[in-house]
Amino acid sequence: MMNEKKLNYFRDLLHQRLDELLGEVNKTVSGMTSREDNLPDPSDRATLEVDRNFELRIRDRERKLIGKIKEALERIDHKTYGICEVCGEEIGEARLKARPVTTLCIDCKKKQEMDEKVKGL
Ligand SMILES: [Zn+2]
């Protein structure tokens with residue numbers, strides 16, 4: 001079980017990531033609206049559509065990541081953070097620092113990736 005100090009460390013880390021992500025999302029949104037105003041040419045509009053699809057995909061990814069960060073913060077509150085949801089073992093600290101939203105220890109993650117490969121996912 002992780003002590004209070006470590007939990008606080010990861011709470012800060014997750015909040016930092018969250019702020020960064022929210023900043024990115026806001027930038028994307030304001031960029032989208034300001035560009036639309038001065039593009040009267042239809043061909044430019046087509047390019048804009050492509051750009052926008054791309055941006056929406058990014059935002060979709062960001063949205064998912066934001067959800068994961070919020071879940072991780074909840075796990076910190078419930079003091080279940082850093083415990084593998086499959087085997088119940090502690091997740092290595094180095095792994096958590098690299099990927100603070102992870103819910104799987106490295107062994108279970110590898111197993112999951114192998115399963116996905118077998119299933120062709
Ligand atoms: Zn595990």
# chains A, B, ... in the order shown; residues from 1 in each chain; ligands from 1
call {"tool": "residues_around", "arguments": {"residues": "Leu73 in chain A", "least_positions_apart": "6", "cutoff": "9 Å", "atoms": "only C-alpha atoms", "output": "ChimeraX atom specification"}}
result
/A:10-11,14-15,81,101
call {"tool": "residues_near_ligand", "arguments": {"ligand": "ligand 1", "cutoff": "6 Å", "atoms": "only C-alpha atoms and all ligand atoms", "output": "JSON, numbers by chain"}}
result
{"A": [84, 86, 87, 89, 104, 105, 107, 108]}
call {"tool": "write_last_selection", "arguments": {"atoms": "N, CA and C atoms", "output": "short mmCIF file (atom, residue, chain, number, x, y, z; two decimals), in the first residue's frame"}}
result
data_model
loop_
_atom_site.label_atom_id
_atom_site.label_comp_id
_atom_site.auth_asym_id
_atom_site.auth_seq_id
_atom_site.Cartn_x
_atom_site.Cartn_y
_atom_site.Cartn_z
N CYS A 84 -2.50 -3.13 -9.05
CA CYS A 84 -2.94 -3.73 -10.30
C CYS A 84 -4.36 -4.25 -10.17
N VAL A 86 -5.85 -6.37 -11.97
CA VAL A 86 -6.00 -7.76 -12.34
C VAL A 86 -5.47 -8.69 -11.25
N CYS A 87 -4.21 -8.49 -10.86
CA CYS A 87 -3.61 -9.44 -9.91
C CYS A 87 -3.54 -8.90 -8.48
N GLU A 89 -1.41 -6.93 -7.22
CA GLU A 89 -0.05 -6.59 -6.78
C GLU A 89 0.19 -5.08 -6.97
N LEU A 104 -2.68 -1.41 -14.56
CA LEU A 104 -2.13 -2.76 -14.65
C LEU A 104 -0.65 -2.77 -14.36
N CYS A 105 -0.19 -3.78 -13.66
CA CYS A 105 1.24 -3.94 -13.47
C CYS A 105 1.86 -4.39 -14.79
N ASP A 107 3.48 -6.99 -15.73
CA ASP A 107 3.22 -8.37 -16.14
C ASP A 107 1.82 -8.54 -16.73
N CYS A 108 0.84 -7.94 -16.06
CA CYS A 108 -0.53 -8.07 -16.55
C CYS A 108 -0.71 -7.30 -17.85
#
call {"tool": "residues_around", "arguments": {"residues": "range 58-68 of chain A", "least_positions_apart": "6", "cutoff": "12 Å", "atoms": "only C-alpha atoms", "output": "PyMOL selection string"}}
result
chain A and resi 14-29+32+51-52+74-75+99-103
call {"tool": "write_last_selection", "arguments": {"atoms": "C-alpha atoms", "output": "PDB file, in the first residue's frame"}}
result
ATOM      1  CA  LEU A  14      -1.966  13.738 -12.266  1.00  0.00           C
ATOM      2  CA  HIS A  15      -3.258  17.255 -11.649  1.00  0.00           C
ATOM      3  CA  GLN A  16      -0.350  18.602 -13.670  1.00  0.00           C
ATOM      4  CA  ARG A  17      -1.169  16.290 -16.600  1.00  0.00           C
ATOM      5  CA  LEU A  18      -4.817  17.231 -16.327  1.00  0.00           C
ATOM      6  CA  ASP A  19      -4.032  20.958 -16.465  1.00  0.00           C
ATOM      7  CA  GLU A  20      -1.809  20.443 -19.490  1.00  0.00           C
ATOM      8  CA  LEU A  21      -4.495  18.470 -21.267  1.00  0.00           C
ATOM      9  CA  LEU A  22      -7.238  20.957 -20.488  1.00  0.00           C
ATOM     10  CA  GLY A  23      -4.970  23.717 -21.776  1.00  0.00           C
ATOM     11  CA  GLU A  24      -4.464  21.801 -25.025  1.00  0.00           C
ATOM     12  CA  VAL A  25      -8.170  21.214 -25.451  1.00  0.00           C
ATOM     13  CA  ASN A  26      -8.957  24.898 -24.956  1.00  0.00           C
ATOM     14  CA  LYS A  27      -6.308  25.862 -27.478  1.00  0.00           C
ATOM     15  CA  THR A  28      -7.766  23.436 -30.025  1.00  0.00           C
ATOM     16  CA  VAL A  29     -11.277  24.729 -29.535  1.00  0.00           C
ATOM     17  CA  MET A  32     -11.083  25.987 -34.580  1.00  0.00           C
ATOM     18  CA  ASP A  51      -8.154  19.513 -40.033  1.00  0.00           C
ATOM     19  CA  ARG A  52     -11.191  19.503 -37.878  1.00  0.00           C
ATOM     20  CA  GLU A  74     -10.412   8.793  -7.501  1.00  0.00           C
ATOM     21  CA  ARG A  75      -8.246   5.765  -6.847  1.00  0.00           C
ATOM     22  CA  ARG A  99       2.321   6.301 -17.013  1.00  0.00           C
ATOM     23  CA  PRO A 100       0.441   7.532 -13.941  1.00  0.00           C
ATOM     24  CA  VAL A 101      -2.985   6.504 -15.249  1.00  0.00           C
ATOM     25  CA  THR A 102      -2.127   2.835 -15.609  1.00  0.00           C
ATOM     26  CA  THR A 103      -4.239   0.263 -13.766  1.00  0.00           C
TER      27      THR A 103
END
call {"tool": "select_by_dssp", "arguments": {"residues": "chain A", "states": "helix (DSSP H, G or I)", "output": "ChimeraX atom specification"}}
result
/A:4-37,42-77,93-98,106-119
call {"tool": "atom_distance", "arguments": {"atom1": "CA of Gly82 in chain A", "atom2": "CA of Lys97 in chain A"}}
result
10.4 Å
call {"tool": "atom_distance", "arguments": {"atom1": "CA of Glu71 in chain A", "atom2": "CA of Glu85 in chain A"}}
result
12.7 Å
call {"tool": "closest_residue", "arguments": {"among": "A:Gln112, A:Ile106, A:Ser30, A:Asp77", "to": "Ile91 in chain A", "atoms": "only C-alpha atoms"}}
result
A:Ile106
call {"tool": "closest_residue", "arguments": {"among": "A:Leu56, A:Ile76, A:Lys110, A:Lys70", "to": "Asn8 in chain A", "atoms": "only C-alpha atoms"}}
result
A:Ile76
